[in-house]
Amino acid sequence: MSNTHTLDALIQALRRLPGVGAKSAARMAFHLLQHDRAGAQVLSQALAQAAEQVQHCARCHTFTEAPVCATCLDPERDATRLCVVETPADQSALERTGAFRGLYFVLMGRLSPLDGVGPRDIGVQELLRRATDGVVQEVILATNFTSEGETTAHVVGEALRARGLRVTRLARGVPVGSELEYVDLGTIAHALADRR
């Protein structure tokens, strides 16, 4: 595909990104080198700086440059409600809605026994300590609605309920603006079961 070691190394590095195959990586590399060398420098510096300075929050595990993130330090947040998500990207999506004013705990993954990912690998013990701090009253499980996300929600929910906490799960149902005839049957069934 290329005739230089450095270019091959760049293409292989770009392939590490999710959803980027060999052709897409090569296209990006050629574009940056041929049409946007300044952009390549900006990207290189931003990646190096982020890798060096961004860390996990000591309280919630999201990404931050400080030991504790701004959300955890915000006195206006409702500390009695803790929302559990799989990744910092999931937390960011919830924050953009503006609908949740509590605090978060980021698991940094989901349970996947087939891949060897167990409760210790995603920080369940840290979550249990955080949730039983005497302040938290409700834990909202906002894991994804995949089989791994459902398994994670079940295992985490059972552990939290065993400690006397109120545990809720994100509702699922028909997307806003959709027409029923085009919605998959599983979503319609869950919407009927979870109706209010």
# chains A, B, ... in the order shown; residues from 1 in each chain; ligands from 1
call {"tool": "residues_around", "arguments": {"residues": "A:Pro113", "least_positions_apart": "5", "cutoff": "12 Å", "atoms": "only C-alpha atoms", "output": "mmCIF file with N, CA and C atoms, in the first residue's frame"}}
result
data_model
loop_
_atom_site.group_PDB
_atom_site.id
_atom_site.type_symbol
_atom_site.label_atom_id
_atom_site.label_comp_id
_atom_site.auth_asym_id
_atom_site.auth_seq_id
_atom_site.Cartn_x
_atom_site.Cartn_y
_atom_site.Cartn_z
ATOM 1 N N GLY A 118 -14.606 -9.173 33.912
ATOM 2 C CA GLY A 118 -15.447 -9.418 35.071
ATOM 3 C C GLY A 118 -15.672 -8.164 35.883
ATOM 4 N N PRO A 119 -16.382 -8.288 37.010
ATOM 5 C CA PRO A 119 -16.704 -7.125 37.853
ATOM 6 C C PRO A 119 -15.480 -6.317 38.300
ATOM 7 N N ARG A 120 -14.393 -6.986 38.617
ATOM 8 C CA ARG A 120 -13.192 -6.255 39.060
ATOM 9 C C ARG A 120 -12.608 -5.401 37.942
ATOM 10 N N ASP A 121 -12.750 -5.873 36.704
ATOM 11 C CA ASP A 121 -12.163 -5.168 35.566
ATOM 12 C C ASP A 121 -12.860 -3.856 35.251
ATOM 13 N N ILE A 122 -14.106 -3.705 35.674
ATOM 14 C CA ILE A 122 -14.855 -2.484 35.354
ATOM 15 C C ILE A 122 -15.119 -1.610 36.586
ATOM 16 N N SER A 147 -26.599 -6.926 25.068
ATOM 17 C CA SER A 147 -26.625 -8.062 26.006
ATOM 18 C C SER A 147 -25.612 -7.860 27.129
ATOM 19 N N GLU A 148 -24.424 -7.312 26.803
ATOM 20 C CA GLU A 148 -23.420 -7.057 27.849
ATOM 21 C C GLU A 148 -23.878 -5.952 28.789
ATOM 22 N N THR A 151 -26.525 -7.366 31.084
ATOM 23 C CA THR A 151 -25.892 -8.217 32.093
ATOM 24 C C THR A 151 -25.232 -7.361 33.167
ATOM 25 N N THR A 152 -24.540 -6.331 32.738
ATOM 26 C CA THR A 152 -23.875 -5.426 33.679
ATOM 27 C C THR A 152 -24.899 -4.766 34.591
#
call {"tool": "closest_atom_pairs", "arguments": {"of": "stretch 88-162 of chain A", "to": "stretch 41-58 of chain A", "cutoff": "10 Å", "atoms": "only C-alpha atoms", "output": "CSV"}}
result
residue,atom,partner,partner_atom,distance
A:Pro88,CA,A:His56,CA,9.5
A:Phe105,CA,A:Cys57,CA,9.7
A:Val106,CA,A:Cys57,CA,9.4
A:Met108,CA,A:His56,CA,9.8
call {"tool": "residues_around", "arguments": {"residues": "stretch 6-23 of chain A", "least_positions_apart": "6", "cutoff": "10 Å", "atoms": "only C-alpha atoms", "output": "PyMOL selection string"}}
result
chain A and resi 29-30+33
call {"tool": "atom_distance", "arguments": {"atom1": "atom CA of A:Val135", "atom2": "atom CA of A:Ala79"}}
result
6.6 Å
call {"tool": "select_by_dssp", "arguments": {"residues": "stretch 128-180 of chain A", "states": "alpha helix (DSSP H)", "output": "number ranges by chain"}}
result
A: 128-131, 147-161
call {"tool": "write_last_selection", "arguments": {"atoms": "C-alpha atoms", "output": "CSV table (one decimal), in the first residue's frame"}}
result
chain,number,residue,atom,x,y,z
A,128,LEU,CA,-20.3,-0.2,45.6
A,129,ARG,CA,-18.1,1.9,48.0
A,130,ARG,CA,-19.2,5.1,46.3
A,131,ALA,CA,-22.9,4.2,46.3
A,147,SER,CA,-26.6,-8.1,26.0
A,148,GLU,CA,-23.4,-7.1,27.8
A,149,GLY,CA,-25.0,-3.8,29.1
A,150,GLU,CA,-28.1,-5.7,30.3
A,151,THR,CA,-25.9,-8.2,32.1
A,152,THR,CA,-23.9,-5.4,33.7
A,153,ALA,CA,-27.0,-3.6,34.8
A,154,HIS,CA,-28.4,-6.8,36.3
A,155,VAL,CA,-25.2,-7.8,38.2
A,156,VAL,CA,-24.6,-4.2,39.4
A,157,GLY,CA,-28.3,-3.7,40.3
A,158,GLU,CA,-28.5,-6.9,42.4
A,159,ALA,CA,-25.3,-5.9,44.3
A,160,LEU,CA,-26.7,-2.4,45.0
A,161,ARG,CA,-30.1,-3.7,46.1
call {"tool": "select_by_dssp", "arguments": {"residues": "stretch 80-140 of chain A", "states": "strand (DSSP E)", "output": "tab-separated table (two decimals) with N, CA and C atoms, in the first residue's frame"}}
result
chain	number	residue	atom	x	y	z
A	80	THR	N	-27.46	12.93	45.97
A	80	THR	CA	-28.25	11.77	46.40
A	80	THR	C	-28.56	10.85	45.22
A	81	ARG	N	-28.31	11.32	43.99
A	81	ARG	CA	-28.58	10.52	42.80
A	81	ARG	C	-27.29	10.25	42.04
A	82	LEU	N	-27.01	8.97	41.80
A	82	LEU	CA	-25.78	8.56	41.12
A	82	LEU	C	-26.16	7.78	39.87
A	83	CYS	N	-25.70	8.26	38.73
A	83	CYS	CA	-25.99	7.62	37.44
A	83	CYS	C	-24.77	6.81	37.00
A	84	VAL	N	-24.97	5.53	36.75
A	84	VAL	CA	-23.88	4.63	36.36
A	84	VAL	C	-23.90	4.44	34.85
A	85	VAL	N	-22.78	4.77	34.21
A	85	VAL	CA	-22.65	4.62	32.76
A	85	VAL	C	-21.43	3.75	32.45
A	102	GLY	N	-27.65	15.04	38.78
A	102	GLY	CA	-26.98	14.30	39.84
A	102	GLY	C	-25.52	14.09	39.51
A	103	LEU	N	-24.93	13.07	40.14
A	103	LEU	CA	-23.52	12.75	39.91
A	103	LEU	C	-23.42	11.44	39.12
A	104	TYR	N	-22.22	11.10	38.70
A	104	TYR	CA	-22.00	9.94	37.84
A	104	TYR	C	-20.97	9.00	38.43
A	105	PHE	N	-21.03	7.75	37.94
A	105	PHE	CA	-19.94	6.81	38.13
A	105	PHE	C	-19.74	6.11	36.79
A	106	VAL	N	-18.52	6.19	36.26
A	106	VAL	CA	-18.19	5.60	34.96
A	106	VAL	C	-17.50	4.25	35.19
A	138	GLU	N	-30.35	7.00	45.41
A	138	GLU	CA	-30.82	6.31	44.22
A	138	GLU	C	-29.66	6.13	43.25
A	139	VAL	N	-29.55	4.93	42.70
A	139	VAL	CA	-28.56	4.66	41.66
A	139	VAL	C	-29.32	4.38	40.37
A	140	ILE	N	-29.03	5.16	39.35
A	140	ILE	CA	-29.68	5.00	38.05
A	140	ILE	C	-28.72	4.25	37.15
